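Everything below concerns the one structure shown next.
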Amino acid sequence: MAELDTDLDHIIPSSVLPPFWAKLVVGLVSLLCFARSYDGDFVFDDSEAIVNNKDLQADTPLGDLWHHDFWGSRLSSNTSHKSYRPLTVLTFRINYYLSGGFHPVGFHVVNILLHSGISVLMVDVFSVLFGGLQYTSKGRRVHLAPRASLLAALLFAVHPVHTECVAGVVGRADLLCTLFFLLSFLGYCKAFRETGNKERAHSSTLWVLLSIFLGAVAMLCKEQGITVLGLNAVFDILVIGKFNVVEVIQKVLRRDKSLENIGMLRSGGLLFRMTLLTSGGAGVLYVRWRIMGTGPPAFTEVDNPASFADSMLVRAINYNYYYSLNAWLLLCPWWLCFDWSMGCIPLIKSVGDWRVIALAALWLCLIGLICQALCSEDSGKRRILTLGLGFLVIPFLPASNLFFRVGFVVAERVLYLPSAGYCMLLTFGFGALSRHTKKKKLIAAFVLGILFINILRCMIRSGEWRSEDQLFRSALSVCPLNAKVHYNIGKNLADKGNQTAAIRYYREAVRLNPKYVHAMNNLGNILKERNELQEAEELLSLAVQIQPDFAAAWMNLGIVQNSLKRFEAAEQSYRTAIKYRRKYPDCYYNLGRLYADLNRHVDALNAWRNATMLKPEHSLAWNNMIILLDNTGNLAQAEAVGREALELIPNDHSLMFSLANVLGKSQKYKESEALFLKAIKANPNAASYHGNLAVLYHRWGHLNLAKKHYEISLQLDPAAAGTKENYGLLRRKLEQMQRKDV
């Protein structure tokens, strides 16, 4: 649109208008915004989607990626999130392979480069949206709105709401989805290059099919990718077909015979392309639905409280309020939060709530834009506003709760793609403002100020996403009523060993959300470790009462009951945990400890064997089996179990130590010595390792070596009574030998 580009000439200098320089500027600015996050940690959802996701590791067959969700769970599972993004997980797996493990730098660098590439691609996309399609005789597209496309791409590149997608590794799903979404759109535009009639028809069909394929690829990166087919259809009808909705409605009302001219569109292939888009989209959605298990994911009320409201009016009001919050995040992205659930946004329960004003403001703006998009006599203005609204609304539809319940209230990541529509409308607004005012330098300063402030905000927010501590604490000022914010801060503090502070945040999380079972479970665990068993039992009992299938809470309740000597109740709790989670090695391990305390040795061994079958690297279960068999005099069986364990976990020094003790008692001194020395090499500061090796040498008759390791053991643990006693016996024996020699 030449008029809009002229209006922006005082903002965008002509020296950066050539496409190469425009893209270079956009790419560099986008890198500057988020470069600070390159060496950040894995934070928040990264732990589940990457660190704990077995689909990233080489021993998981590649074929499993097509049957698992984004988090590594089987899609057929009742607990699956149903987020089917195998191509995104595949890129994580490649990252893991190239990085040689879970090293976050490589993951972050890929995200930053993807955002930069998408921002550069936006220059071409905005060029089409603002300027329309026009090709040279050689088939090269003409850039008709260089200033508008550059400004819109810059606004997109520096928008702070993108930080979650770029700085959070799991945001790669949105980045890849957007990349293929844009490629699909640009591919669809290629279908309208002018060539010979037969050649054009054939080429056009191939480009449409390629666009559908790229849309399917976008969907395999994230679900909203499929919406590109809807945007392509809108673009085809309104831009290529020059379809004027208001004009057609007026002709229908007047029964104008000129409506028959609409049949001319059929010769242009519009109906054929719409048929391809519709059938292709329906086919892709059907296949995805079948793979997903033909059932929607199950979410809880805390994930999306409005969707559980009984009144349809309350649901509608709150959904629209959520839309207004999303619009506000695009307009003023200063208050950003990693999570907006758990009471962060209280429900609007009546039309008397003052927040209803936000709904009215949103719809007034939307209705005004829609009226301008439909009724303006300026075809260029109609095109820009319609496509801007299309880019804003269509990719957001999967997150709107209109078609199915989503698992969040507000999520900044879902605004990554719709923000392109916002940037387009904002650029158009700047042009209109510039056209109707004489203070053009003031407008230019205002635009540059927005760009600078957004760059600064991106850099600050990228720093907050570098570590969980900074990320979680940054949310306190935005969502102080969010129980999950307090929970995550408490969990982070507990992981660092600061239990006192962690307890304070966990208590606040439970106060804000009295049904927050995960906070109760973690608080109960800390209280258990601090020997505050009565309160721990009360919290864990309440957690399993609220959520009866919470297996981890049942297991922890069993541990507390065991400590309180309530053995029957503890056994019942362990059994209930296993009932709800059949493959629960840690629970079998704790059940084995209970049986050992009750001298039910066979049951204990069976429980620990179950733990090692479910988790072959369960060192504690193997160790307890060896020690129990050793203590009950079953040395041959203890030796067999110890050797089996070391074959599975060859570098575990505690297993070496336990097996060395057994071999020493079996008078296999040489082999026992080798294992003791190997264990000491792995853990040289373990006093018991030196002390038991000294006992071996003492029995073996290597008294000087025994004396040496007794002394080392006592240096490491001077209070070890058994070692002191054995060392005294050895010294007396050595003194007697010296007197005999004399």
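Residue numbering restarts at 1 in every chain; chains get A, B, ... in the order shown in the structure tokens, and ligands count up from 1 in that same order.
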Test item: residues at most 10 Å from range 201-215 of chain A, only C-alpha atoms, excluding those fewer than 6 positions along its chain, as a JSON list (two decimals) with C-alpha atoms, in the first residue's frame:
```json
[["chain", "number", "residue", "atom", "x", "y", "z"],
["A", 177, "CYS", "CA", 5.02, -23.85, 14.49],
["A", 178, "THR", "CA", 5.34, -20.18, 13.49],
["A", 179, "LEU", "CA", 8.23, -20.91, 11.12],
["A", 180, "PHE", "CA", 6.27, -23.50, 9.15],
["A", 181, "PHE", "CA", 3.07, -21.43, 9.42],
["A", 182, "LEU", "CA", 4.81, -18.54, 7.65],
["A", 183, "LEU", "CA", 6.41, -20.85, 5.06],
["A", 184, "SER", "CA", 2.98, -22.33, 4.36],
["A", 185, "PHE", "CA", 1.51, -18.85, 3.87],
["A", 186, "LEU", "CA", 4.35, -17.72, 1.58],
["A", 187, "GLY", "CA", 4.08, -21.00, -0.32],
["A", 188, "TYR", "CA", 0.38, -20.37, -0.85],
["A", 189, "CYS", "CA", 1.23, -16.93, -2.24],
["A", 190, "LYS", "CA", 3.47, -18.63, -4.81],
["A", 191, "ALA", "CA", 0.35, -20.26, -6.28],
["A", 192, "PHE", "CA", -0.58, -16.92, -7.89],
["A", 193, "ARG", "CA", 2.49, -16.29, -10.00],
["A", 194, "GLU", "CA", 1.62, -15.46, -13.62],
["A", 195, "THR", "CA", 2.68, -18.16, -16.12],
["A", 221, "CYS", "CA", 5.25, -28.78, 15.96],
["A", 224, "GLN", "CA", -2.32, -24.13, 16.27],
["A", 225, "GLY", "CA", -0.22, -24.60, 13.11],
["A", 226, "ILE", "CA", -3.21, -26.02, 11.25],
["A", 227, "THR", "CA", -4.93, -22.59, 11.43],
["A", 228, "VAL", "CA", -2.69, -21.39, 8.58],
["A", 229, "LEU", "CA", -5.08, -23.10, 6.19],
["A", 232, "ASN", "CA", -4.75, -18.89, 3.48],
["A", 268, "GLY", "CA", -10.05, -18.52, -11.42],
["A", 269, "GLY", "CA", -9.74, -21.74, -9.43],
["A", 272, "PHE", "CA", -10.88, -25.68, -6.38],
["A", 273, "ARG", "CA", -8.34, -24.18, -3.98],
["A", 274, "MET", "CA", -10.95, -23.92, -1.21],
["A", 276, "LEU", "CA", -8.13, -28.53, -1.48],
["A", 277, "LEU", "CA", -7.67, -26.48, 1.70],
["A", 278, "THR", "CA", -10.86, -27.83, 3.30],
["A", 279, "SER", "CA", -10.25, -31.48, 2.45],
["A", 280, "GLY", "CA", -6.56, -31.24, 3.35],
["A", 281, "GLY", "CA", -7.30, -29.58, 6.69],
["A", 284, "VAL", "CA", -4.96, -33.75, 8.79]]
```
Could you list, with a cut-off of 10 Å and counting only C-alpha atoms, the residues of range 319-429 of chain A near range 441-460 of chain A, each shown with its nearest atom pair and the distance in Å rounded to one decimal, rows sorted by chain and ascending number, as a Markdown table?
```
| residue | atom | partner | partner_atom | distance |
| --- | --- | --- | --- | --- |
| A:Cys332 | CA | A:Asn454 | CA | 9.6 |
| A:Pro333 | CA | A:Asn454 | CA | 8.3 |
| A:Trp334 | CA | A:Arg457 | CA | 7.3 |
| A:Thr427 | CA | A:Val447 | CA | 9.4 |
```
Using C-alpha atoms, can you export the residues from the last selection as a tab-separated table (two decimals), in the first residue's frame?
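Contents of out-v2.tsv, as written:
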```tsv
chain	number	residue	atom	x	y	z
A	332	CYS	CA	1.49	-3.22	27.28
A	333	PRO	CA	3.83	-6.21	27.84
A	334	TRP	CA	5.34	-4.94	31.08
A	427	THR	CA	1.91	-0.22	12.05
```
- request: Excluding Pro61 in chain A and residues on its chain fewer than 6 positions from it, collect all residues at most 12 Å away from it, counting only C-alpha atoms, and give them as a PyMOL selection string.
  value: chain A and resi 54-55+67-68+90+93
message: Using Å and a single decimal, report how far CA of Val29 in chain A sits from CA of Leu121 in chain A.
response: 13.8 Å
Long-range neighbours of Leu133 in chain A as a ChimeraX atom specification, 10 Å cut-off, only C-alpha atoms, 3 positions minimum in chain: /A:127-130,141-144,189-190,192-193,239-240
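Within 9 Å of range 708-719 of chain A, once only C-alpha atoms are used and residues closer than 5 positions along the same chain are dropped, the contacting residues are Asn685, Ala686, Ala687, Ser688, Tyr689, His690, Gly691, Asn692, Leu693, Ala694, Val695, Tyr697, Leu703, Lys724, Asn726 and Tyr727 of chain A.
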- prompt: Contacts of Glu535 in chain A at 9 Å or less, counting only C-alpha atoms, minus same-chain residues fewer than 6 places along, as an MDAnalysis selection string?
  reply: chainID A and resid 524 527:528
Convert the current residue selection to file output with N, CA, C and O atoms, as a compact mmCIF listing (two decimals), in the first residue's frame.
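What ended up in out-v4.txt:
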```txt
# COMPACT_ATOMS: atom_id res chain seq x y z
N GLY A 524 4.49 -31.64 53.59
CA GLY A 524 4.51 -32.83 54.45
C GLY A 524 5.86 -33.53 54.43
O GLY A 524 6.34 -34.01 55.46
N LEU A 527 8.31 -31.49 56.59
CA LEU A 527 7.99 -31.68 58.00
C LEU A 527 8.39 -33.07 58.47
O LEU A 527 8.85 -33.25 59.62
N LYS A 528 8.25 -34.05 57.61
CA LYS A 528 8.69 -35.42 57.94
C LYS A 528 10.19 -35.46 58.19
O LYS A 528 10.66 -36.07 59.16
```
Can you pull out the residues contacting range 358-370 of chain A? Cut-off 7 Å, using only C-alpha atoms, and skip same-chain residues under 3 positions away; I want them as a compact mmCIF listing (two decimals) with N, CA, C and O atoms, in the first residue's frame.
```txt
# COMPACT_ATOMS: atom_id res chain seq x y z
N ASN A 320 -14.14 -13.90 27.81
CA ASN A 320 -13.91 -12.60 27.16
C ASN A 320 -12.95 -11.73 27.97
O ASN A 320 -12.18 -10.95 27.40
N TYR A 321 -13.00 -11.88 29.29
CA TYR A 321 -12.04 -11.15 30.11
C TYR A 321 -10.63 -11.66 29.86
O TYR A 321 -9.67 -10.88 29.80
N SER A 324 -9.37 -10.08 26.80
CA SER A 324 -8.94 -8.69 27.02
C SER A 324 -7.57 -8.65 27.70
O SER A 324 -6.76 -7.76 27.41
N ARG A 355 -14.23 -5.21 36.42
CA ARG A 355 -13.39 -5.71 35.32
C ARG A 355 -14.16 -5.92 34.02
O ARG A 355 -13.56 -6.12 32.96
N ALA A 373 -12.81 -2.68 8.52
CA ALA A 373 -12.31 -3.71 7.60
C ALA A 373 -13.35 -4.10 6.57
O ALA A 373 -13.02 -4.47 5.43
N LEU A 374 -14.64 -4.02 6.94
CA LEU A 374 -15.70 -4.46 6.02
C LEU A 374 -16.28 -3.31 5.20
O LEU A 374 -16.64 -3.49 4.04
N LEU A 385 -6.62 -4.24 7.25
CA LEU A 385 -7.32 -4.46 8.51
C LEU A 385 -7.85 -5.90 8.60
O LEU A 385 -7.79 -6.53 9.65
```
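Closest approach to His159 in chain A among A:Leu330, A:Leu98, A:Cys344, A:Cys337: A:Leu330, based on only C-alpha atoms.
Distances here use only C-alpha atoms; by that measure, the residue among A:Val166, A:Ala475, A:Leu270, A:Leu87 closest to Phe243 in chain A is A:Leu270.
Pairwise distance (CA of Asp174 in chain A, CA of Tyr84 in chain A) equals 12.8 Å.
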